[in-house]
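K.L.:
Quick one: the structure is below, and I'll ask about it shortly.
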Amino acid sequence: MTLNEIMAELEAKGSESIKSILLKHGLKEPLFGVKVEFLKVIEKQIKKDYALALELYATKNADAMYLAGLIADDEKMTKQDLNTWAQQAVSTNIASYTVPWVAAGSPFGFELALKWIDDKEEHVAVVGWATVAGLVSIKPDGELDLNTLRILLKRVTANIHQARNQEKQAMNGFLISVGSYVPSLSHEAIAAAQLVGTLTIDKNGTACKVPLAADYIKKATDKGSLSKKKKKLKC
């Protein structure tokens with residue numbers, strides 16, 4: 001499939017009602033309002049295509065950008081590719097999921113994430129925190145930099161309540177991920193989560209709730225799922 005063929009299909013599958021919902025959840029124009037289930041259909045047809053993924057993402061259409069992440073060949077992504085994607089990830093789903101998924105699957109995810117979390121642009125910082133959260137959920141503990149993760153836990157505890165809106169959510173997701181997937185740090189993550197307590201995050205009138213990190217980690221422990229790494233991030 002070519003870029004033009006895909007864009008035509010996306011436009012045909014767009015829905016004004018879905019678009020309205022997505023805009024309330026922080027997606028930005030342009031977008032058609034395509035359900036993820038349809039994007040998955042196209043993904044199955046294409047599988048991986050590095051060049052086409054770059055073309056789709058460059059349209060800056062939120063639907064096409066999400067699809068780009070699904071078909072990206074993560075290991076072929078360069079640092080320049082990933083930095084460009086992070087800078088352009090202005091829609092919440094792209095910053096929280098698409099780019100972190102691809103970055104975590106690349107050779108440069110952790111290195112870049114540590115830079116992104118310091119970025120002055122909120123969406124780039126979100127990409128950074130979500131990338132680290134993704135990495136700890138899929139990488140064996142032996143491949144993780146535990147000392148740096150400890151430093152980040154302390155940073156979250158000290159700064160999360162003063163952080164920007166979506167940045168708070170990403171930092172909270174990092175807490176949950178470390179506590180749920182890194183057994184040697186779970187007690188430290190729970191202690192940090194208890195210090196953080198309840199977060200106030202503007203959800204733009206949607207029904208989405210902010211998970212209490214300490215409770216979420218405890219549920220993972222009670223279910224016996226602590227340390228069971230994910231097979232993949234993309235969905």
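Chain labels run A, B, ... following the order of the structure tokens; each chain numbers its residues from 1, and ligands are numbered from 1 in the order shown.
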Name all residues at most 9 Å from Asn93 (chain A) (count only C-alpha atoms; drop same-chain ones fewer than 2 positions away) and give them as a count of residues only.
P.N.:
13
K.L.:
Go through region 3-230 of chain A and collect every residue that DSSP, computed from the backbone, puts in helix (DSSP H, G or I); the answer should be as a PyMOL selection string.
P.N.:
chain A and resi 3-13+16-24+36-46+50-58+62-71+74-76+79-87+92-104+109-116+122-138+141-143+146-162+165-181+183-196+213-222
K.L.:
Quick one: residues within 9 Å of region 182-186 of chain A, only C-alpha atoms, excluding same-chain residues fewer than 2 positions away - as a PyMOL selection string?
P.N.:
chain A and resi 136-137+140-141+146+149-150+177-180+188-191+217+226-227+229
K.L.:
Near Lys44 (chain A), within 12 Å and counting only C-alpha atoms, which residues show up once chain neighbours fewer than 3 positions away are dropped, as a PyMOL selection string?
P.N.:
chain A and resi 1+37-41+47-49+67+70-71+235
K.L.:
Would you mind listing what lies within 12 Å of region 112-122 of chain A as a VMD selection string, with only C-alpha atoms counted and same-chain residues fewer than 4 positions away left out?
P.N.:
chain A and resid 78 to 92 95 to 96 99 to 104 106 to 108 126 to 135 145 148 to 149 151 to 152 155 to 156 163 to 171 174
K.L.:
Using only C-alpha atoms, please write the residues we just selected to a file, as an mmCIF file, in the first residue's frame.
P.N.:
data_model
loop_
_atom_site.group_PDB
_atom_site.id
_atom_site.type_symbol
_atom_site.label_atom_id
_atom_site.label_comp_id
_atom_site.auth_asym_id
_atom_site.auth_seq_id
_atom_site.Cartn_x
_atom_site.Cartn_y
_atom_site.Cartn_z
ATOM 1 C CA THR A 78 17.716 6.347 14.056
ATOM 2 C CA LYS A 79 18.229 8.845 16.861
ATOM 3 C CA GLN A 80 17.228 11.597 14.456
ATOM 4 C CA ASP A 81 14.029 9.723 13.549
ATOM 5 C CA LEU A 82 13.110 9.273 17.184
ATOM 6 C CA ASN A 83 13.900 12.857 18.167
ATOM 7 C CA THR A 84 11.767 14.118 15.284
ATOM 8 C CA TRP A 85 8.902 11.857 16.313
ATOM 9 C CA ALA A 86 9.133 12.990 19.936
ATOM 10 C CA GLN A 87 9.112 16.672 18.962
ATOM 11 C CA GLN A 88 6.024 16.159 16.768
ATOM 12 C CA ALA A 89 4.079 14.037 19.298
ATOM 13 C CA VAL A 90 1.613 16.771 20.253
ATOM 14 C CA SER A 91 -1.400 14.418 20.506
ATOM 15 C CA THR A 92 -1.643 12.679 23.866
ATOM 16 C CA ALA A 95 3.208 11.036 23.173
ATOM 17 C CA SER A 96 1.991 8.465 25.687
ATOM 18 C CA VAL A 99 6.518 7.107 20.232
ATOM 19 C CA PRO A 100 7.372 5.371 23.545
ATOM 20 C CA TRP A 101 6.498 1.984 22.012
ATOM 21 C CA VAL A 102 8.820 2.580 19.092
ATOM 22 C CA ALA A 103 11.587 4.150 21.190
ATOM 23 C CA ALA A 104 11.515 1.243 23.654
ATOM 24 C CA SER A 106 14.932 0.757 19.379
ATOM 25 C CA PRO A 107 18.563 0.594 20.538
ATOM 26 C CA PHE A 108 18.369 4.195 21.793
ATOM 27 C CA VAL A 126 5.733 12.739 28.484
ATOM 28 C CA VAL A 127 7.372 10.691 25.721
ATOM 29 C CA GLY A 128 10.451 10.348 27.934
ATOM 30 C CA TRP A 129 8.670 9.112 31.046
ATOM 31 C CA ALA A 130 6.433 6.780 29.050
ATOM 32 C CA THR A 131 9.442 5.333 27.240
ATOM 33 C CA VAL A 132 11.177 4.439 30.510
ATOM 34 C CA ALA A 133 7.922 2.971 31.829
ATOM 35 C CA GLY A 134 7.647 0.859 28.700
ATOM 36 C CA LEU A 135 11.240 -0.310 28.859
ATOM 37 C CA ASP A 145 19.987 0.500 34.953
ATOM 38 C CA THR A 148 19.183 5.393 37.441
ATOM 39 C CA LEU A 149 15.673 4.065 38.033
ATOM 40 C CA ILE A 151 17.164 8.286 41.017
ATOM 41 C CA LEU A 152 14.091 8.722 38.837
ATOM 42 C CA ARG A 155 12.758 12.681 41.252
ATOM 43 C CA VAL A 156 9.105 11.726 40.812
ATOM 44 C CA ALA A 163 4.740 18.923 37.158
ATOM 45 C CA ARG A 164 2.598 19.816 34.154
ATOM 46 C CA ASN A 165 -0.745 18.061 33.657
ATOM 47 C CA GLN A 166 0.078 15.220 31.247
ATOM 48 C CA GLU A 167 3.581 15.023 32.636
ATOM 49 C CA LYS A 168 2.085 14.105 36.026
ATOM 50 C CA GLN A 169 0.214 11.226 34.447
ATOM 51 C CA ALA A 170 3.328 9.964 32.693
ATOM 52 C CA MET A 171 5.365 10.133 35.899
ATOM 53 C CA PHE A 174 6.449 5.300 35.509
#
K.L.:
Compare A:Leu212, A:Thr157, A:Leu199, A:Ile138 by their minimum atom-to-atom distance to Lys234 (chain A), counting only C-alpha atoms, and give me the closest one.
P.N.:
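Distance minimum relative to Lys234 (chain A) lands on A:Ile138.
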